[in-house]
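J.: Coordinates in coords-v8.cif, mmCIF, C-alpha atoms, are listed below.
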data_input
loop_
_atom_site.label_atom_id
_atom_site.label_comp_id
_atom_site.auth_asym_id
_atom_site.auth_seq_id
_atom_site.Cartn_x
_atom_site.Cartn_y
_atom_site.Cartn_z
CA MET A 1 -58.97 61.88 -16.42
CA GLU A 2 -61.25 63.38 -13.79
CA LEU A 3 -62.35 61.47 -10.70
CA GLU A 4 -65.99 61.36 -11.83
CA ASP A 5 -64.93 59.84 -15.16
CA ARG A 6 -62.86 57.21 -13.37
CA LEU A 7 -65.82 56.44 -11.12
CA GLU A 8 -68.03 55.91 -14.18
CA LEU A 9 -65.54 53.34 -15.47
CA VAL A 10 -65.52 51.51 -12.13
CA LEU A 11 -69.32 51.46 -12.17
CA ALA A 12 -69.21 50.10 -15.73
CA LEU A 13 -66.95 47.32 -14.41
CA ALA A 14 -69.52 46.45 -11.73
CA ASP A 15 -72.25 46.31 -14.37
CA LYS A 16 -70.12 44.13 -16.66
CA MET A 17 -69.37 41.79 -13.76
CA VAL A 18 -73.09 41.34 -13.16
CA GLU A 19 -73.57 40.65 -16.86
CA LYS A 20 -70.80 37.99 -16.79
CA ARG A 21 -71.64 36.70 -13.30
CA ASP A 22 -72.08 33.00 -14.07
CA GLU A 23 -68.96 32.83 -16.24
CA LEU A 24 -66.83 34.64 -13.64
CA ILE A 25 -68.08 32.47 -10.78
CA GLU A 26 -67.45 29.27 -12.74
CA ALA A 27 -63.91 30.39 -13.62
CA ALA A 28 -63.20 31.27 -9.99
CA ILE A 29 -64.44 27.89 -8.80
CA ASN A 30 -62.24 26.15 -11.38
CA ASP A 31 -59.17 28.28 -10.59
CA ILE A 32 -59.19 28.35 -6.81
CA GLY A 33 -61.52 25.53 -5.83
CA PHE A 34 -63.76 27.39 -3.40
CA THR A 35 -67.43 26.48 -3.17
CA PHE A 36 -70.13 28.03 -5.32
CA LYS A 37 -71.69 29.51 -2.19
CA ASP A 38 -68.46 31.18 -1.04
CA ILE A 39 -67.60 32.53 -4.48
CA SER A 40 -71.16 33.80 -4.99
CA VAL A 41 -71.18 35.68 -1.69
CA GLU A 42 -67.78 37.21 -2.47
CA PHE A 43 -69.02 38.19 -5.92
CA GLU A 44 -72.15 39.94 -4.63
CA LEU A 45 -70.20 41.78 -1.92
CA THR A 46 -67.63 42.92 -4.46
CA VAL A 47 -70.20 44.31 -6.88
CA ASP A 48 -71.84 46.11 -3.96
CA ARG A 49 -68.50 47.57 -2.83
CA LEU A 50 -67.60 48.72 -6.34
CA ARG A 51 -70.95 50.48 -6.64
CA ASN A 52 -70.48 52.05 -3.22
CA PHE A 53 -67.33 53.81 -4.38
CA ARG A 54 -69.87 56.52 -5.32
CA ARG A 55 -70.20 57.27 -1.64
CA ALA A 56 -66.43 57.48 -1.16
CA ILE A 57 -65.89 60.26 -3.68
CA LYS A 58 -65.90 62.97 -0.99
CA LEU A 59 -63.22 61.07 0.92
CA ILE A 60 -60.84 60.78 -2.00
CA GLU A 61 -61.55 63.85 -4.13
CA ASP A 62 -58.58 65.80 -2.71
CA ARG A 63 -56.08 62.96 -2.97
CA GLU A 64 -53.28 63.16 -5.47
CA PRO A 65 -52.32 60.07 -7.46
CA ILE A 66 -48.92 58.56 -6.82
CA CYS A 67 -48.27 58.33 -10.54
CA ARG A 68 -48.14 60.75 -13.43
CA GLU A 69 -50.05 59.86 -16.58
CA ASP A 70 -47.11 57.87 -18.03
CA GLU A 71 -46.42 55.96 -14.80
CA GLU A 72 -48.14 53.09 -13.01
CA VAL A 73 -48.65 51.08 -9.86
CA ALA A 74 -47.64 47.41 -10.09
CA LEU A 75 -50.12 45.15 -8.31
CA THR A 76 -49.53 41.46 -7.57
CA LEU A 77 -52.56 39.45 -6.51
CA PRO A 78 -52.83 36.26 -4.43
CA TYR A 79 -53.93 32.87 -5.71
CA ASN A 80 -56.92 32.64 -3.39
CA GLY A 81 -58.95 35.60 -4.55
CA SER A 82 -61.57 36.03 -7.18
CA ALA A 83 -64.07 38.88 -7.28
CA TRP A 84 -62.65 40.91 -4.36
CA LEU A 85 -59.45 41.43 -6.31
CA ASN A 86 -61.38 43.96 -8.38
CA ILE A 87 -61.74 46.18 -5.31
CA ALA A 88 -57.96 46.39 -4.98
CA ILE A 89 -57.52 47.17 -8.68
CA ALA A 90 -60.34 49.73 -8.76
CA SER A 91 -59.14 51.46 -5.57
CA ILE A 92 -55.71 52.12 -7.03
CA PHE A 93 -57.21 53.27 -10.33
CA LEU A 94 -59.93 55.45 -8.86
CA VAL A 95 -57.53 57.85 -7.16
CA GLY A 96 -55.81 58.52 -10.48
CA ASN A 97 -53.20 55.83 -11.01
CA ASN A 98 -52.67 53.52 -13.95
CA VAL A 99 -52.29 49.90 -12.86
CA THR A 100 -50.43 46.85 -14.13
CA VAL A 101 -51.95 43.73 -12.62
CA LYS A 102 -50.25 40.38 -12.06
CA PHE A 103 -52.69 37.60 -11.17
CA SER A 104 -51.36 34.41 -9.64
CA SER A 105 -50.72 31.73 -12.25
CA LYS A 106 -53.31 29.65 -10.38
CA GLY A 107 -55.91 32.24 -11.36
CA SER A 108 -55.21 32.28 -15.07
CA GLY A 109 -58.75 31.44 -16.17
CA ILE A 110 -60.33 34.26 -14.25
CA ALA A 111 -57.47 36.61 -15.15
CA LYS A 112 -58.19 36.15 -18.86
CA LEU A 113 -61.89 36.90 -18.34
CA TYR A 114 -61.14 40.02 -16.33
CA GLU A 115 -58.47 41.15 -18.79
CA ASN A 116 -61.03 41.04 -21.58
CA MET A 117 -63.52 43.06 -19.51
CA TYR A 118 -60.94 45.57 -18.30
CA GLY A 119 -59.49 46.13 -21.76
CA LYS A 120 -62.88 47.15 -23.11
CA ILE A 121 -63.63 49.44 -20.17
CA PHE A 122 -60.28 50.89 -19.10
CA GLY A 123 -58.11 50.56 -22.20
CA GLU A 124 -54.42 50.96 -21.39
CA MET A 125 -55.05 52.49 -17.96
CA ILE A 126 -55.29 49.00 -16.42
CA LYS A 127 -53.12 46.31 -18.00
CA PHE A 128 -52.55 42.66 -17.19
CA ASP A 129 -49.10 41.08 -17.11
CA TYR A 130 -48.51 37.33 -17.41
CA ARG A 131 -44.82 37.14 -16.59
CA HIS A 132 -43.73 34.74 -13.88
CA GLY A 133 -44.06 36.36 -10.45
CA ARG A 134 -40.31 36.87 -9.95
CA GLU A 135 -39.92 38.38 -13.40
CA PHE A 136 -42.86 40.69 -12.76
CA MET A 137 -41.41 41.86 -9.44
CA LYS A 138 -37.96 42.37 -10.98
CA HIS A 139 -39.50 44.47 -13.74
CA ALA A 140 -41.61 46.47 -11.27
CA ILE A 141 -38.59 47.17 -9.05
CA GLU A 142 -36.32 48.17 -11.94
CA SER A 143 -38.79 50.10 -14.11
CA THR A 144 -38.74 53.87 -13.84
CA GLN A 145 -42.41 53.87 -14.93
CA VAL A 146 -43.47 51.96 -11.80
CA LYS A 147 -43.79 54.34 -8.86
CA ALA A 148 -45.38 51.99 -6.35
CA ILE A 149 -45.73 48.27 -5.77
CA VAL A 150 -48.70 46.69 -4.00
CA ALA A 151 -48.19 43.00 -3.30
CA PHE A 152 -50.61 40.48 -1.87
CA GLY A 153 -49.40 37.01 -1.01
CA SER A 154 -47.82 34.87 1.64
CA ASP A 155 -45.08 36.35 3.78
CA SER A 156 -42.53 33.91 2.37
CA THR A 157 -43.35 35.03 -1.16
CA VAL A 158 -43.72 38.77 -0.71
CA LEU A 159 -41.47 39.84 2.17
CA GLN A 160 -38.31 38.76 0.35
CA TYR A 161 -38.79 41.83 -1.88
CA GLU A 162 -39.37 44.41 0.85
CA ASN A 163 -35.78 45.65 1.25
CA VAL A 164 -35.09 45.65 -2.48
CA ILE A 165 -38.23 47.72 -3.08
CA LYS A 166 -37.18 50.21 -0.40
CA LYS A 167 -33.69 50.50 -1.91
CA ALA A 168 -35.31 51.26 -5.27
CA LYS A 169 -37.16 54.12 -3.51
CA LYS A 170 -40.57 52.89 -4.53
CA LYS A 171 -43.68 53.28 -2.45
CA THR A 172 -44.85 49.91 -1.29
CA HIS A 173 -47.71 48.16 0.41
CA ILE A 174 -47.04 44.55 1.24
#
Write out the structure in this file as structure tokens.

T.:
Amino acid sequence: MELEDRLELVLALADKMVEKRDELIEAAINDIGFTFKDISVEFELTVDRLRNFRRAIKLIEDREPICREDEEVALTLPYNGSAWLNIAIASIFLVGNNVTVKFSSKGSGIAKLYENMYGKIFGEMIKFDYRHGREFMKHAIESTQVKAIVAFGSDSTVLQYENVIKKAKKKTHI
């Protein structure tokens, strides 16, 4: 899929987020317990950033994806994020990679809402995985389809995997 086509999907995500704004904000408040004001500001900034990917096209048009069409980047997300997590997902996707996303179990309400939105927009190019965090990381490390692992989280949670990921010769960003 061409970069412009991927950008159109990211812009469709931003539009769908605006359409589902109240539902997404309520789910984020319930999942992570931040205030309405904080979640609302994060939401508006995220939609703005997703729409501004238009301006970044020149910066990324010559980049090659890490993955081939049948491969993916595994992305683990922290418990304390809501709307901004979409920027991480969209950034990996926009440059040409398929993504498998693991939300924190504390964010299961918002994960389900986003999974529904993403499925309709991105199809199989962005998938959600509900395995326990350790099982997800084990799968990502062992799978030949996973070429890179991006992990957000506390040092005590994430850094324990750093050497194992390097031994598996995967690209990583922790």

J.: Considering all atoms listed in the file, state which residue in the set A:Ile87, A:Asn80, A:Val95, A:Lys169 is at the smallest distance from Leu59 (chain A).

T.: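 Of the candidates, the smallest distance to Leu59 (chain A) is held by A:Val95.
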
J.: For a quick check of understanding, using all atoms listed in the file, which of A:Phe53, A:Phe103, A:Phe93, A:Phe43 has the smallest distance to Phe152 (chain A)?

T.: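 Ranking A:Phe53, A:Phe103, A:Phe93, A:Phe43 by distance to Phe152 (chain A), first place goes to A:Phe103.
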
J.: Nearest to Asp15 (chain A): which of A:Ala111, A:Cys67, A:Ile121, A:Ile89 is it, counting only C-alpha atoms?

T.: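 Once distances to Asp15 (chain A) are computed over only C-alpha atoms, the minimum belongs to A:Ile121.
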
J.: Give me the residues near Ile165 (chain A) as a list in words, where near means some atom within 12 Å (using all atoms listed in the file) and where sequence neighbours in that chain fewer than 2 positions away do not count.

T.: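 Contacts, in chain order: Ala74, Met137, Lys138, His139, Ala140, Ile141, Glu142, Ser143, Val146, Lys147, Ala148, Ile149, Val150, Ala151, Val158, Leu159, Gln160, Tyr161, Glu162, Asn163, Lys167, Ala168, Lys169, Lys170, Lys171, Thr172, His173 and Ile174 of chain A.
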
J.: So how far away is CA of Ile32 (chain A) from CA of Lys106 (chain A), in Å?

T.: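 So the two atoms, CA of Lys106 (chain A) and CA of Ile32 (chain A), lie 7.0 Å apart.
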
J.: Which value, in Å to one decimal, gives the distance between CA of Val101 (chain A) and CA of Phe128 (chain A)?

T.: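 If I compute the distance from CA of Val101 (chain A) to CA of Phe128 (chain A), I get 4.7 Å.
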
J.: Name the closest residue to Ala27 (chain A) among the candidates A:Gly133, A:Ile110, A:Val41, A:Leu9; distances are taken between atoms, counting only C-alpha atoms.

T.: A:Ile110

J.: If we count all atoms listed in the file, what is near Arg131 (chain A) at a cut-off of 9 Å, once residues fewer than 4 positions away on the same chain are taken out, given as a list of chain:residue names?

T.: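 Counting all atoms listed in the file, the residues come to A:Lys102, A:Glu135, A:Phe136.
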
J.: Counting all atoms listed in the file, figure out which residue out of A:Glu8, A:Glu2, A:Asp22, A:Glu71 gets nearest to Glu44 (chain A).

T.: A:Asp22

J.: Between CA of Ala14 (chain A) and CA of Leu45 (chain A), what is the spacing in Å?

T.: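 Interatomic distance here is 10.9 Å.
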
J.: Which of these residues is nearest to Ser104 (chain A), using all atoms listed in the file: A:Thr144, A:Ser40, A:Ser82, A:Asn116?

T.: A:Ser82

J.: I'd like the contact shell of Ile57 (chain A) - 9 Å cut-off, only C-alpha atoms, skipping same-chain residues fewer than 2 positions apart - returned as an MDAnalysis selection string.

T.: chainID A and resid 3:4 7 53:55 59:61

J.: Take the PyMOL selection byres ((chain A and resi 68) around 10), apply it to the structure above, and return the hits as a ChimeraX atom specification.

T.: /A:64-67,69-72,96-98,145,147

J.: Please produce a file of those selected residues containing C-alpha atoms, as a PDB file, in the frame of the given file.

T.:
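File produced: part_26.pdb:
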ATOM      1  CA  GLU A  64     -53.280  63.160  -5.470  1.00  0.00           C
ATOM      2  CA  PRO A  65     -52.320  60.070  -7.460  1.00  0.00           C
ATOM      3  CA  ILE A  66     -48.920  58.560  -6.820  1.00  0.00           C
ATOM      4  CA  CYS A  67     -48.270  58.330 -10.540  1.00  0.00           C
ATOM      5  CA  GLU A  69     -50.050  59.860 -16.580  1.00  0.00           C
ATOM      6  CA  ASP A  70     -47.110  57.870 -18.030  1.00  0.00           C
ATOM      7  CA  GLU A  71     -46.420  55.960 -14.800  1.00  0.00           C
ATOM      8  CA  GLU A  72     -48.140  53.090 -13.010  1.00  0.00           C
ATOM      9  CA  GLY A  96     -55.810  58.520 -10.480  1.00  0.00           C
ATOM     10  CA  ASN A  97     -53.200  55.830 -11.010  1.00  0.00           C
ATOM     11  CA  ASN A  98     -52.670  53.520 -13.950  1.00  0.00           C
ATOM     12  CA  GLN A 145     -42.410  53.870 -14.930  1.00  0.00           C
ATOM     13  CA  LYS A 147     -43.790  54.340  -8.860  1.00  0.00           C
TER      14      LYS A 147
END

J.: Step by step, work through what the PyMOL selection byres ((chain A and resi 42) around 12) selects in the shown file, and finish by giving those residues as a list in words.

T.: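 On the file shown, the PyMOL selection byres ((chain A and resi 42) around 12) covers Arg21, Leu24, Ile25, Ala28, Ile29, Phe34, Thr35, Phe36, Lys37, Asp38, Ile39, Ser40, Val41, Phe43, Glu44, Leu45, Thr46, Val47, Asp48, Arg49, Asn80, Gly81, Ser82, Ala83, Trp84, Leu85, Asn86 and Ile87 of chain A.
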